[in-house]
$ cat run20.txt   # compact mmCIF, C-alpha atoms and all ligand atoms
# COMPACT_ATOMS: atom_id res chain seq x y z
CA MET Z 232 22.41 14.76 7.88
CA THR Z 233 22.24 11.21 9.20
CA GLN Z 234 23.03 11.53 12.90
CA GLY Z 235 19.42 10.94 13.98
CA LEU Z 236 19.42 7.60 12.22
CA GLN Z 237 21.85 5.95 14.58
CA LYS Z 238 18.79 4.74 16.45
CA ARG Z 239 17.05 1.66 15.11
CA ASN Z 240 13.62 2.09 13.60
CA LEU Z 241 11.27 -0.41 15.27
CA ALA Z 242 8.77 -0.16 12.41
CA SER Z 243 11.44 -1.46 10.00
CA MET Z 244 11.37 -4.82 11.80
CA SER Z 245 9.05 -7.70 11.03
CA LEU Z 246 7.45 -9.35 14.07
CA THR Z 247 10.08 -12.11 13.83
CA GLU Z 248 12.94 -9.59 13.77
CA LEU Z 249 11.39 -7.63 16.61
CA THR Z 250 11.08 -10.83 18.65
CA GLU Z 251 14.77 -11.57 18.12
CA TYR Z 252 15.67 -8.06 19.18
CA VAL Z 253 13.48 -8.15 22.29
CA LYS Z 254 14.97 -11.51 23.27
CA SER Z 255 18.46 -10.01 22.88
CA LEU Z 256 17.41 -7.53 25.58
CA SER Z 257 16.55 -10.52 27.85
CA GLU Z 258 12.83 -9.81 27.62
CA GLY Z 259 10.04 -12.30 26.92
CA ALA Z 260 8.88 -12.79 23.34
CA PHE Z 261 5.36 -11.62 24.26
CA ARG Z 262 6.80 -8.13 24.71
CA ALA Z 263 7.55 -8.07 20.99
CA LYS Z 264 3.85 -8.63 20.24
CA GLN Z 265 2.91 -5.80 22.57
CA ILE Z 266 5.43 -3.44 20.98
CA TYR Z 267 4.35 -4.47 17.49
CA GLY Z 268 0.71 -3.74 18.38
CA TRP Z 269 1.65 -0.27 19.59
CA ILE Z 270 3.68 0.52 16.47
CA CYS Z 271 0.72 -0.44 14.28
CA LYS Z 272 -1.34 2.11 16.22
CA GLY Z 273 1.25 4.81 15.56
CA ALA Z 274 2.31 5.05 19.21
CA GLU Z 275 5.63 6.50 20.36
CA ILE Z 276 7.80 4.41 22.70
CA GLY Z 277 6.86 6.62 25.67
CA GLU Z 278 3.19 5.72 25.11
CA MET Z 279 3.72 1.95 25.28
CA THR Z 280 2.25 1.85 28.76
CA ASN Z 281 1.99 -1.89 29.27
CA LEU Z 282 5.77 -2.32 28.99
CA PRO Z 283 7.89 -2.20 32.13
CA ALA Z 284 9.62 1.17 32.55
CA ARG Z 285 13.08 -0.38 32.22
CA LEU Z 286 12.22 -1.78 28.78
CA ARG Z 287 10.71 1.51 27.62
CA GLU Z 288 13.83 3.33 28.71
CA ARG Z 289 16.10 0.86 26.96
CA LEU Z 290 14.02 1.13 23.79
CA MET Z 291 14.13 4.90 23.92
CA GLU Z 292 17.91 4.84 24.19
CA GLU Z 293 18.33 2.53 21.21
CA CYS Z 294 15.30 3.01 18.97
CA VAL Z 295 12.58 5.20 17.55
CA SER Z 296 9.07 3.84 17.05
CA PHE Z 297 8.73 4.80 13.35
CA GLY Z 298 10.54 8.10 13.12
CA VAL Z 299 8.00 10.19 11.21
CA HIS Z 300 6.30 13.20 12.76
CA ILE Z 301 3.61 15.28 11.05
CA ARG Z 302 4.99 18.80 11.28
CA GLU Z 303 2.40 20.57 9.20
CA CYS Z 304 -0.89 19.76 7.51
CA VAL Z 305 -2.63 21.85 4.85
CA THR Z 306 -6.21 21.00 3.87
CA SER Z 307 -7.70 21.78 0.47
CA LYS Z 308 -10.92 23.78 0.62
CA ILE Z 309 -11.92 22.31 -2.74
CA ASP Z 310 -11.91 18.56 -2.03
CA GLY Z 311 -10.58 17.91 1.50
CA THR Z 312 -7.23 16.65 0.19
CA GLU Z 313 -4.62 16.93 2.94
CA LYS Z 314 -0.99 17.63 2.32
CA TYR Z 315 1.52 16.80 5.06
CA LEU Z 316 5.03 17.87 5.78
CA TYR Z 317 6.67 15.17 7.87
CA GLU Z 318 9.84 15.60 9.88
CA LEU Z 319 12.21 12.65 10.19
CA THR Z 320 14.45 12.03 13.21
CA ASP Z 321 17.50 13.56 11.48
CA GLY Z 322 15.56 16.76 10.73
CA ASN Z 323 14.96 15.98 7.06
CA ILE Z 324 11.56 16.92 5.67
CA ILE Z 325 9.42 14.84 3.30
CA GLU Z 326 5.87 15.28 2.14
CA GLY Z 327 2.75 13.29 1.49
CA VAL Z 328 -0.81 13.72 0.27
CA ARG Z 329 -4.02 12.13 1.53
CA MET Z 330 -6.75 12.04 -1.10
CA ARG Z 331 -10.35 11.35 -0.11
CA TYR Z 332 -12.34 9.11 -2.43
CA HIS Z 333 -15.77 7.54 -1.91
CA TYR Z 334 -14.18 4.08 -1.51
CA GLY Z 335 -11.63 5.19 1.06
CA ASP Z 336 -8.57 7.33 1.52
CA THR Z 337 -5.42 7.09 -0.56
CA LEU Z 338 -2.05 8.12 0.81
CA CYS Z 339 0.77 9.14 -1.49
CA VAL Z 340 4.06 8.23 0.20
CA SER Z 341 7.70 9.15 -0.40
CA THR Z 342 10.55 6.66 -0.63
CA GLN Z 343 13.55 9.02 -0.58
CA VAL Z 344 14.42 12.50 0.67
CA GLY Z 345 14.71 14.17 -2.73
CA CYS Z 346 15.45 12.08 -5.83
CA ARG Z 347 18.44 11.46 -8.08
CA MET Z 348 16.55 10.81 -11.33
CA GLY Z 349 16.61 14.43 -12.50
CA CYS Z 350 13.30 14.55 -14.43
CA ARG Z 351 13.13 18.08 -15.78
CA PHE Z 352 9.53 18.74 -14.72
CA CYS Z 353 9.77 17.38 -11.19
CA ALA Z 354 10.30 19.52 -8.09
CA SER Z 355 11.49 16.59 -5.94
CA THR Z 356 14.71 16.19 -7.82
CA LEU Z 357 15.96 19.79 -7.87
CA GLU Z 358 18.56 19.21 -5.14
CA GLY Z 359 19.25 15.58 -5.90
CA CYS Z 360 18.77 12.71 -3.45
CA VAL Z 361 19.61 13.48 0.17
CA ARG Z 362 19.09 9.92 1.38
CA ASP Z 363 17.00 6.77 1.08
CA LEU Z 364 14.16 6.24 3.53
CA GLU Z 365 14.23 3.16 5.71
CA ALA Z 366 11.34 0.70 5.37
CA GLY Z 367 10.01 1.84 8.76
CA GLU Z 368 10.02 5.46 7.62
CA ILE Z 369 8.00 4.63 4.52
CA LEU Z 370 5.55 2.66 6.67
CA GLY Z 371 5.79 5.42 9.30
CA GLN Z 372 4.08 7.90 6.96
CA ILE Z 373 1.01 5.66 6.95
CA LEU Z 374 1.24 5.05 10.70
CA ALA Z 375 1.41 8.79 11.40
CA VAL Z 376 -1.57 9.57 9.17
CA ASN Z 377 -3.67 6.67 10.52
CA ARG Z 378 -2.93 7.89 14.02
CA ARG Z 379 -4.08 11.36 13.11
CA ILE Z 380 -7.27 10.00 11.53
CA HIS Z 381 -8.04 7.86 14.59
CA ASP Z 382 -7.24 10.63 17.05
CA GLU Z 383 -9.95 12.67 15.32
CA ASP Z 384 -12.45 9.82 15.05
CA GLU Z 385 -11.83 6.44 16.67
CA LYS Z 386 -14.19 4.65 14.30
CA ALA Z 387 -12.91 6.17 11.06
CA ASN Z 388 -11.28 3.92 8.51
CA GLY Z 389 -7.57 4.37 8.14
CA ILE Z 390 -5.71 4.60 4.84
CA HIS Z 391 -7.18 2.18 2.30
CA ASN Z 392 -4.90 2.65 -0.71
CA VAL Z 393 -1.24 3.53 -0.95
CA VAL Z 394 0.55 5.03 -3.94
CA LEU Z 395 4.34 5.22 -4.02
CA MET Z 396 4.28 8.47 -5.95
CA GLY Z 397 5.72 10.96 -3.49
CA SER Z 398 9.31 12.09 -3.69
CA GLY Z 399 11.96 9.58 -4.65
CA GLU Z 400 12.30 6.69 -7.08
CA PRO Z 401 11.05 3.57 -5.24
CA LEU Z 402 13.11 1.17 -7.37
CA ASP Z 403 16.26 3.20 -6.65
CA ASN Z 404 15.65 2.35 -2.96
CA TYR Z 405 14.76 -1.20 -3.86
CA ASP Z 406 15.41 -3.25 -0.72
CA ASN Z 407 13.71 -0.81 1.64
CA THR Z 408 10.73 -0.45 -0.69
CA VAL Z 409 10.23 -4.21 -1.00
CA LYS Z 410 10.64 -4.62 2.74
CA PHE Z 411 8.07 -1.87 3.30
CA LEU Z 412 5.59 -3.65 1.01
CA ARG Z 413 5.97 -6.90 2.95
CA LEU Z 414 5.55 -5.06 6.28
CA LEU Z 415 2.46 -3.25 4.97
CA ASN Z 416 0.93 -6.56 3.95
CA ALA Z 417 1.89 -8.54 7.10
CA PRO Z 418 -1.25 -10.24 8.51
CA GLU Z 419 -0.15 -9.46 12.07
CA GLY Z 420 0.49 -5.83 11.09
CA LEU Z 421 -1.56 -3.37 9.02
CA ASN Z 422 -2.58 -6.26 6.77
CA LEU Z 423 -3.21 -3.96 3.82
CA SER Z 424 -3.80 -5.79 0.56
CA LEU Z 425 -1.06 -5.15 -1.98
CA ARG Z 426 -3.80 -4.98 -4.61
CA ASN Z 427 -4.48 -1.57 -3.08
CA VAL Z 428 -0.94 -0.40 -3.71
CA SER Z 429 0.55 1.28 -6.80
CA LEU Z 430 4.27 1.70 -7.29
CA SER Z 431 5.37 4.35 -9.75
CA THR Z 432 8.75 4.16 -11.44
CA CYS Z 433 10.57 6.27 -14.01
CA GLY Z 434 11.54 2.97 -15.67
CA LEU Z 435 14.65 1.39 -14.12
CA VAL Z 436 14.44 -1.67 -16.33
CA PRO Z 437 16.63 -4.20 -14.43
CA ARG Z 438 14.82 -3.34 -11.19
CA MET Z 439 11.42 -3.64 -12.87
CA ARG Z 440 12.37 -7.16 -13.96
CA GLN Z 441 13.60 -7.99 -10.47
CA PHE Z 442 10.40 -6.59 -8.98
CA ALA Z 443 8.27 -8.78 -11.27
CA ASN Z 444 9.82 -11.79 -9.52
CA GLU Z 445 9.01 -10.71 -5.96
CA GLY Z 446 5.51 -12.18 -6.10
CA LEU Z 447 3.91 -8.96 -4.89
CA PRO Z 448 0.55 -8.13 -6.56
CA VAL Z 449 1.25 -4.41 -6.70
CA THR Z 450 0.01 -2.25 -9.60
CA LEU Z 451 3.01 -1.02 -11.54
CA SER Z 452 2.80 2.54 -12.86
CA VAL Z 453 5.42 3.65 -15.31
CA SER Z 454 6.20 7.31 -15.94
CA LEU Z 455 6.49 7.20 -19.72
CA HIS Z 456 5.68 10.81 -20.62
CA ALA Z 457 6.79 10.43 -24.25
CA PRO Z 458 6.02 8.35 -27.35
CA ASP Z 459 9.66 8.03 -28.42
CA ASP Z 460 13.15 8.07 -26.95
CA GLU Z 461 14.07 11.45 -28.47
CA ILE Z 462 11.27 13.30 -26.72
CA ARG Z 463 11.74 11.26 -23.55
CA LYS Z 464 15.39 12.26 -23.36
CA GLN Z 465 14.35 15.92 -23.37
CA LEU Z 466 12.30 15.32 -20.23
CA MET Z 467 13.96 12.46 -18.37
CA PRO Z 468 17.72 11.78 -18.13
CA VAL Z 469 16.92 8.13 -17.32
CA ALA Z 470 15.87 7.77 -20.98
CA ASN Z 471 19.58 7.81 -21.86
CA ALA Z 472 20.02 4.60 -19.90
CA TYR Z 473 16.89 2.65 -20.92
CA SER Z 474 14.90 2.78 -24.14
CA ILE Z 475 11.11 2.74 -24.33
CA ASP Z 476 11.36 -0.64 -26.09
CA ASP Z 477 13.22 -2.07 -23.08
CA ILE Z 478 10.71 -0.55 -20.68
CA LEU Z 479 7.75 -1.99 -22.61
CA ASP Z 480 9.40 -5.42 -22.66
CA ALA Z 481 9.86 -5.27 -18.89
CA CYS Z 482 6.19 -4.25 -18.58
CA ARG Z 483 5.08 -7.22 -20.67
CA GLU Z 484 7.07 -9.45 -18.35
CA TYR Z 485 5.43 -7.80 -15.33
CA ILE Z 486 1.96 -8.34 -16.80
CA ALA Z 487 2.75 -11.99 -17.62
CA LYS Z 488 4.13 -12.72 -14.16
CA THR Z 489 1.61 -10.85 -12.02
CA GLY Z 490 -1.50 -10.92 -14.22
CA ARG Z 491 -1.97 -7.24 -13.50
CA ARG Z 492 -2.28 -4.48 -16.06
CA VAL Z 493 0.33 -1.76 -16.12
CA ILE Z 494 -0.51 1.94 -15.87
CA PHE Z 495 1.41 4.41 -18.00
CA GLU Z 496 1.66 7.94 -16.71
CA TYR Z 497 1.85 10.59 -19.38
CA ALA Z 498 2.29 14.19 -18.24
CA LEU Z 499 1.32 16.60 -21.01
CA VAL Z 500 3.98 19.26 -21.48
CA ARG Z 501 3.05 22.11 -23.78
CA GLY Z 502 5.01 22.16 -27.02
CA VAL Z 503 6.84 18.92 -26.17
CA ASN Z 504 4.62 15.82 -26.15
CA CYS Z 505 0.97 16.88 -26.72
CA SER Z 506 0.60 16.70 -30.52
CA ASP Z 507 -1.70 14.37 -32.48
CA ASP Z 508 1.40 12.73 -33.83
CA CYS Z 509 2.59 11.98 -30.27
CA ALA Z 510 -0.78 10.45 -29.37
CA ASP Z 511 -0.74 8.31 -32.53
CA LYS Z 512 2.80 7.08 -31.91
CA LEU Z 513 2.01 6.29 -28.28
CA ALA Z 514 -1.12 4.36 -29.27
CA ALA Z 515 0.83 2.35 -31.85
CA ARG Z 516 3.43 1.34 -29.29
CA LEU Z 517 0.92 0.33 -26.64
CA ARG Z 518 -1.47 -1.52 -28.97
CA GLY Z 519 -2.39 -4.96 -27.65
CA MET Z 520 -0.91 -4.40 -24.21
CA GLN Z 521 -2.94 -4.95 -21.07
CA CYS Z 522 -2.55 -1.36 -19.94
CA HIS Z 523 -4.14 1.96 -19.13
CA VAL Z 524 -2.84 5.46 -19.77
CA ASN Z 525 -3.16 8.11 -17.09
CA VAL Z 526 -2.96 11.50 -18.76
CA ILE Z 527 -1.72 14.16 -16.35
CA PRO Z 528 -1.75 17.87 -17.14
CA LEU Z 529 1.74 18.99 -16.10
CA ASN Z 530 1.86 21.13 -13.00
CA ASP Z 531 4.04 24.06 -13.97
CA VAL Z 532 7.32 24.08 -12.09
CA LYS Z 533 8.52 27.65 -12.14
CA GLU Z 534 12.19 26.66 -11.78
CA ARG Z 535 12.02 24.67 -15.02
CA GLN Z 536 10.24 26.80 -17.62
CA LEU Z 537 7.93 23.93 -18.56
CA GLU Z 538 4.23 24.54 -18.93
CA GLY Z 539 1.13 22.39 -18.76
CA PRO Z 540 -1.42 22.02 -21.57
CA ASP Z 541 -4.71 23.85 -22.01
CA GLU Z 542 -8.05 22.06 -21.84
CA ARG Z 543 -8.29 21.64 -25.62
CA MET Z 544 -4.91 19.86 -25.76
CA ILE Z 545 -5.88 17.51 -22.94
CA GLN Z 546 -9.21 16.55 -24.51
CA GLY Z 547 -7.61 16.22 -27.97
CA PHE Z 548 -4.93 13.88 -26.67
CA LEU Z 549 -7.41 11.69 -24.78
CA LYS Z 550 -9.76 11.46 -27.76
CA ARG Z 551 -6.95 10.49 -30.07
CA LEU Z 552 -5.91 7.61 -27.77
CA GLU Z 553 -9.53 6.49 -27.42
CA MET Z 554 -9.99 6.47 -31.19
CA ARG Z 555 -7.09 4.05 -31.33
CA HIS Z 556 -8.66 1.86 -28.61
CA ILE Z 557 -6.18 2.69 -25.89
CA SER Z 558 -7.86 2.91 -22.52
CA ALA Z 559 -7.02 6.34 -21.12
CA THR Z 560 -8.30 8.75 -18.51
CA ARG Z 561 -7.25 12.08 -17.20
CA ARG Z 562 -5.87 11.92 -13.70
CA ARG Z 563 -8.10 13.94 -11.42
CA GLU Z 564 -6.32 16.92 -10.04
CA MET Z 565 -6.68 16.90 -6.29
CA GLY Z 566 -5.78 19.66 -3.91
CA ASP Z 567 -5.12 22.23 -6.61
CA ASP Z 568 -5.12 24.99 -4.00
CA ILE Z 569 -2.50 23.36 -1.73
CA GLN Z 570 0.38 22.61 -4.09
CA GLY Z 571 -0.73 18.97 -4.37
CA ALA Z 572 1.98 18.06 -6.88
CA CYS Z 573 5.22 16.28 -6.08
CA GLY Z 574 7.75 18.10 -4.01
CA GLN Z 575 6.15 21.49 -4.36
CA LEU Z 576 5.15 22.11 -0.74
CA ARG Z 577 8.47 20.88 0.62
CA ARG Z 578 10.22 23.14 -1.83
CA SER Z 579 8.25 26.19 -0.94
CA ARG Z 580 9.01 25.57 2.77
CA LEU Z 581 12.72 24.98 2.12
CA GLU Z 582 12.83 28.20 0.11
CA GLY Z 583 10.99 29.97 2.92
CA GLU Z 584 13.58 28.76 5.43
CA ALA Z 585 16.45 29.79 3.14
CA ASN Z 586 15.00 33.29 2.76
CA ALA Z 587 14.16 33.76 6.44
N1 LIG N 601 9.97 8.34 -9.21
C1 LIG N 601 8.70 7.80 -9.50
C2 LIG N 601 7.57 8.24 -8.58
C3 LIG N 601 7.49 9.67 -8.13
S1 LIG N 601 6.73 10.88 -9.12
C4 LIG N 601 8.34 8.04 -10.95
O1 LIG N 601 9.09 8.70 -11.64
O2 LIG N 601 7.32 7.52 -11.41
C5 LIG N 601 5.05 10.44 -9.38
C6 LIG N 601 4.53 10.93 -10.72
O3 LIG N 601 4.40 12.36 -10.77
C7 LIG N 601 5.45 10.56 -11.87
O4 LIG N 601 4.69 10.08 -12.94
C8 LIG N 601 6.10 11.88 -12.20
O5 LIG N 601 6.63 11.86 -13.51
C9 LIG N 601 4.95 12.83 -12.00
N2 LIG N 601 5.32 14.24 -11.87
C10 LIG N 601 6.41 14.78 -11.31
N3 LIG N 601 6.40 16.12 -11.42
C11 LIG N 601 5.25 16.45 -12.05
C12 LIG N 601 4.68 17.67 -12.46
N4 LIG N 601 5.27 18.85 -12.25
N5 LIG N 601 3.47 17.62 -13.08
C13 LIG N 601 2.85 16.43 -13.30
N6 LIG N 601 3.36 15.25 -12.94
C14 LIG N 601 4.56 15.25 -12.33

$ encode --input "run20.txt" --output "C-alpha cells"
Amino acid sequence: MTQGLQKRNLASMSLTELTEYVKSLSEGAFRAKQIYGWICKGAEIGEMTNLPARLRERLMEECVSFGVHIRECVTSKIDGTEKYLYELTDGNIIEGVRMRYHYGDTLCVSTQVGCRMGCRFCASTLEGCVRDLEAGEILGQILAVNRRIHDEDEKANGIHNVVLMGSGEPLDNYDNTVKFLRLLNAPEGLNLSLRNVSLSTCGLVPRMRQFANEGLPVTLSVSLHAPDDEIRKQLMPVANAYSIDDILDACREYIAKTGRRVIFEYALVRGVNCSDDCADKLAARLRGMQCHVNVIPLNDVKERQLEGPDERMIQGFLKRLEMRHISATRRREMGDDIQGACGQLRRSRLEGEANA
C-alpha cells in the first residue's frame, strides 16, 4: 500500500531543506519561499501560480504538496464538531476531528494509519498498524482543515490547538512526530505555539524520556486507564512492557524538564476500573504530582464487548479523586452523534466498503 509515497512530500521539508531541494533543481532560492508560502496555505502544486510552468511540472512529477485530501466531512448537529475522513496519496484513509471551543478550534490529528499498540477498547488498533505517517502528512491534516476553514470564510481563524490523539501512537512514530512538531512551530511556517499542543501516549517509557529532552513545551497526556499493573494489563498489552511505576517516573522527569504538568487519561470501563478502590489507589499513586486526571467515559466498541460507565459511576469516581485532592475533570464528549471517538468513523467506512 505504499506506491503513492514514492513522491516526496513537500510539507515534510523545513524551509532550509526545501531551499536545498529547489537549488538542486537549478532554481533560485526565492522559489523555495514561494512554495513554502503556498504549502502553508494548503495549496496543491497546480495552484502555485507564481511559479514558472516548468518548475510546477517538475514538482508535480516528483512531489506532492502535503498529500492529505478531505474525502468526507460529517458535522455534529449537537455542537458543530466536524469529523473528517482524509485520503492519503496511496489510498489509505485516516480520520480527524475538529472541536469548536470559545477560545478557538482544536484539531485531533492521527500519526499512523491504524496502530500496533492493541489497546482492547480502541477501534484504531483492530487491524494493526498499516504504516507510519510522514511529518508532512501529519501537518497536512492541519493544512487541509485550515484551507477548508479559509475557503468558507477568509477572515476566520484557523486551527488554534492541536491534539495528537487520533489514530496511532505518536511515540511509536517518533522521528516523524518530532519533525512535525518542529514544522508546526516554525516561525516562517504556521508558527503555532507548542503550548497549544498535547501529545497523547500509551506510555512508551524510553520514548517518553527521550521526548523530555527535545526541548518542546508540549503537554504530555498519558493514557493510564488503570490504578495498577494487573488491571492495566487487562486493557493494554503495552502494560506488559512497562509498569505504572516506570511510567510515573518518566512523567516526573518530563515535569522536571519541561515545567509542564502531565495529564493522565483514564477511560472508565464498566466492571473493570471504576470502583471506589480503583479511585483510591489511583489517587494514592498520583499524590504530590503536578498533574491532572481526565476522566473519559468509555465509548463502547462493539467488536470488543467493553462497556462504558453510567452517570453515577462517573460522578462517584470524580468525587472520590477530588476528596483525595487530585485535580480531575470529565472530558467533554463532543460530536456524540457522529462517532467522535477514535477510529470509529474510519472503521464504519471500511466495513461499509468490505460489505459493498
Ligand atoms: N496512542 C495514543 C493516542 C491515541 S488515542 C494513546 O494511547 O494515548 C487517544 C485517547 O483515546 C487515548 O487515551 C485512548 O486510550 C483513548 N481511547 C481509545 N479508544 C477509546 C474508547 N473507545 N473510549 C474512550 N477513549 C478511548

$ atom_distance --input "run20.txt" --atom1 "CA of Lys464 (chain Z)" --atom2 "CA of Leu499 (chain Z)"
14.9 Å

$ residues_near_ligand --input "run20.txt" --ligand "ligand LIG 601 (chain N)" --cutoff "7 Å" --atoms "only C-alpha atoms and all ligand atoms" --output "list in words"
Phe352, Cys353, Ala354, Leu395, Met396, Gly397, Ser398, Gly399, Glu400, Pro401, Ser431, Thr432, Cys433, Ser452, Val453, Ser454, Glu496, Ala498, Ile527, Pro528, Leu529, Asn530, Asp531, Val532, Ala572 and Cys573 of chain Z

$ atom_distance --input "run20.txt" --atom1 "CA of Gln536 (chain Z)" --atom2 "CA of Arg351 (chain Z)"
9.4 Å

$ closest_residue --input "run20.txt" --among "Z:Thr280, Z:Asn427, Z:Ser307, Z:Asn407" --to "Met244 (chain Z)" --atoms "only C-alpha atoms"
Z:Asn407

$ residues_around --input "run20.txt" --residues "region 310-315 of chain Z" --least-positions-apart "6" --cutoff "7 Å" --atoms "all atoms listed in the file" --output "ChimeraX atom specification"
/Z:301,303-304,326-331,565-566,571

$ residues_around --input "run20.txt" --residues "Arg562 (chain Z)" --least-positions-apart "2" --cutoff "7 Å" --atoms "only C-alpha atoms" --output "list in words"
Asn525, Val526, Ile527, Thr560 and Glu564 of chain Z

$ atom_distance --input "run20.txt" --atom1 "CA of Gln237 (chain Z)" --atom2 "CA of Leu412 (chain Z)"
23.3 Å

$ closest_atom_pairs --input "run20.txt" --of "region 349-424 of chain Z" --to "region 442-450 of chain Z" --cutoff "10 Å" --atoms "only C-alpha atoms" --output "tab-separated table"
residue	atom	partner	partner_atom	distance
Z:Val394	CA	Z:Thr450	CA	9.2
Z:Leu402	CA	Z:Phe442	CA	8.4
Z:Tyr405	CA	Z:Phe442	CA	8.6
Z:Val409	CA	Z:Glu445	CA	8.3
Z:Leu412	CA	Z:Leu447	CA	8.1
Z:Arg413	CA	Z:Leu447	CA	8.4
Z:Asn416	CA	Z:Leu447	CA	9.6
Z:Ser424	CA	Z:Pro448	CA	8.7

$ closest_residue --input "run20.txt" --among "Z:Ser474, Z:Thr306, Z:Ser243, Z:Gln546" --to "Leu435 (chain Z)" --atoms "all atoms listed in the file"
Z:Ser474

$ closest_residue --input "run20.txt" --among "Z:Arg491, Z:Gly367, Z:Ser255, Z:Ala274" --to "His381 (chain Z)" --atoms "all atoms listed in the file"
Z:Ala274

$ closest_residue --input "run20.txt" --among "Z:Met554, Z:Ala481, Z:Met467, Z:Leu415" --to "Val436 (chain Z)" --atoms "all atoms listed in the file"
Z:Ala481

$ residues_around --input "run20.txt" --residues "Val393 (chain Z)" --least-positions-apart "6" --cutoff "10 Å" --atoms "only C-alpha atoms" --output "PyMOL selection string"
chain Z and resi 329+336-340+373+415+423-430

$ closest_residue --input "run20.txt" --among "Z:Gly298, Z:Pro458, Z:Gly268, Z:Pro468" --to "Tyr317 (chain Z)" --atoms "all atoms listed in the file"
Z:Gly298

$ residues_around --input "run20.txt" --residues "region 283-287 of chain Z" --least-positions-apart "3" --cutoff "12 Å" --atoms "all atoms listed in the file" --output "list in words"
Tyr252, Val253, Lys254, Ser255, Leu256, Ser257, Glu258, Gly259, Arg262, Ala263, Gln265, Ile266, Glu275, Ile276, Gly277, Glu278, Met279, Thr280, Leu290, Met291, Glu292, Glu293, Cys294, Val295 and Ser296 of chain Z

$ residues_around --input "run20.txt" --residues "Asp511 (chain Z)" --least-positions-apart "2" --cutoff "10 Å" --atoms "all atoms listed in the file" --output "PyMOL selection string"
chain Z and resi 458+506-509+513-516+548+551-552+554-555

$ closest_residue --input "run20.txt" --among "Z:Arg378, Z:Arg362, Z:Arg561, Z:Arg501" --to "Val299 (chain Z)" --atoms "all atoms listed in the file"
Z:Arg378

$ decode --input "run20.txt" --residues "region 478-496 of chain Z" --atoms "N, CA and C atoms" --output "PDB file, in the first residue's frame"
ATOM      1  N   ILE Z 478       6.301   4.388  34.270  1.00  0.00           N
ATOM      2  CA  ILE Z 478       5.618   5.483  33.550  1.00  0.00           C
ATOM      3  C   ILE Z 478       5.607   6.737  34.419  1.00  0.00           C
ATOM      4  N   LEU Z 479       5.261   6.566  35.707  1.00  0.00           N
ATOM      5  CA  LEU Z 479       5.167   7.742  36.582  1.00  0.00           C
ATOM      6  C   LEU Z 479       6.538   8.380  36.791  1.00  0.00           C
ATOM      7  N   ASP Z 480       7.582   7.556  36.836  1.00  0.00           N
ATOM      8  CA  ASP Z 480       8.943   8.111  36.928  1.00  0.00           C
ATOM      9  C   ASP Z 480       9.275   8.954  35.704  1.00  0.00           C
ATOM     10  N   ALA Z 481       8.912   8.411  34.525  1.00  0.00           N
ATOM     11  CA  ALA Z 481       9.179   9.153  33.283  1.00  0.00           C
ATOM     12  C   ALA Z 481       8.375  10.457  33.269  1.00  0.00           C
ATOM     13  N   CYS Z 482       7.169  10.419  33.833  1.00  0.00           N
ATOM     14  CA  CYS Z 482       6.347  11.641  33.901  1.00  0.00           C
ATOM     15  C   CYS Z 482       6.990  12.673  34.816  1.00  0.00           C
ATOM     16  N   ARG Z 483       7.514  12.204  35.938  1.00  0.00           N
ATOM     17  CA  ARG Z 483       8.171  13.146  36.865  1.00  0.00           C
ATOM     18  C   ARG Z 483       9.348  13.812  36.178  1.00  0.00           C
ATOM     19  N   GLU Z 484      10.069  13.029  35.384  1.00  0.00           N
ATOM     20  CA  GLU Z 484      11.198  13.587  34.640  1.00  0.00           C
ATOM     21  C   GLU Z 484      10.689  14.623  33.620  1.00  0.00           C
ATOM     22  N   TYR Z 485       9.587  14.310  32.974  1.00  0.00           N
ATOM     23  CA  TYR Z 485       9.021  15.233  31.978  1.00  0.00           C
ATOM     24  C   TYR Z 485       8.620  16.558  32.643  1.00  0.00           C
ATOM     25  N   ILE Z 486       7.987  16.438  33.814  1.00  0.00           N
ATOM     26  CA  ILE Z 486       7.547  17.634  34.542  1.00  0.00           C
ATOM     27  C   ILE Z 486       8.770  18.460  34.957  1.00  0.00           C
ATOM     28  N   ALA Z 487       9.807  17.776  35.453  1.00  0.00           N
ATOM     29  CA  ALA Z 487      11.013  18.482  35.914  1.00  0.00           C
ATOM     30  C   ALA Z 487      11.702  19.188  34.740  1.00  0.00           C
ATOM     31  N   LYS Z 488      11.742  18.541  33.603  1.00  0.00           N
ATOM     32  CA  LYS Z 488      12.484  19.112  32.466  1.00  0.00           C
ATOM     33  C   LYS Z 488      11.705  20.180  31.723  1.00  0.00           C
ATOM     34  N   THR Z 489      10.388  20.051  31.666  1.00  0.00           N
ATOM     35  CA  THR Z 489       9.612  20.993  30.847  1.00  0.00           C
ATOM     36  C   THR Z 489       8.839  21.999  31.694  1.00  0.00           C
ATOM     37  N   GLY Z 490       8.699  21.716  32.992  1.00  0.00           N
ATOM     38  CA  GLY Z 490       7.917  22.600  33.852  1.00  0.00           C
ATOM     39  C   GLY Z 490       6.417  22.519  33.579  1.00  0.00           C
ATOM     40  N   ARG Z 491       6.012  21.541  32.816  1.00  0.00           N
ATOM     41  CA  ARG Z 491       4.591  21.443  32.472  1.00  0.00           C
ATOM     42  C   ARG Z 491       3.942  20.274  33.204  1.00  0.00           C
ATOM     43  N   ARG Z 492       2.697  20.453  33.611  1.00  0.00           N
ATOM     44  CA  ARG Z 492       2.026  19.347  34.274  1.00  0.00           C
ATOM     45  C   ARG Z 492       1.664  18.270  33.248  1.00  0.00           C
ATOM     46  N   VAL Z 493       1.514  17.067  33.747  1.00  0.00           N
ATOM     47  CA  VAL Z 493       1.154  15.949  32.873  1.00  0.00           C
ATOM     48  C   VAL Z 493      -0.337  15.671  33.053  1.00  0.00           C
ATOM     49  N   ILE Z 494      -0.988  15.277  31.970  1.00  0.00           N
ATOM     50  CA  ILE Z 494      -2.404  14.892  32.036  1.00  0.00           C
ATOM     51  C   ILE Z 494      -2.484  13.371  31.988  1.00  0.00           C
ATOM     52  N   PHE Z 495      -3.257  12.798  32.890  1.00  0.00           N
ATOM     53  CA  PHE Z 495      -3.499  11.354  32.816  1.00  0.00           C
ATOM     54  C   PHE Z 495      -4.904  11.116  32.281  1.00  0.00           C
ATOM     55  N   GLU Z 496      -4.978  10.295  31.247  1.00  0.00           N
ATOM     56  CA  GLU Z 496      -6.289   9.940  30.718  1.00  0.00           C
ATOM     57  C   GLU Z 496      -6.720   8.638  31.378  1.00  0.00           C
TER      58      GLU Z 496
END
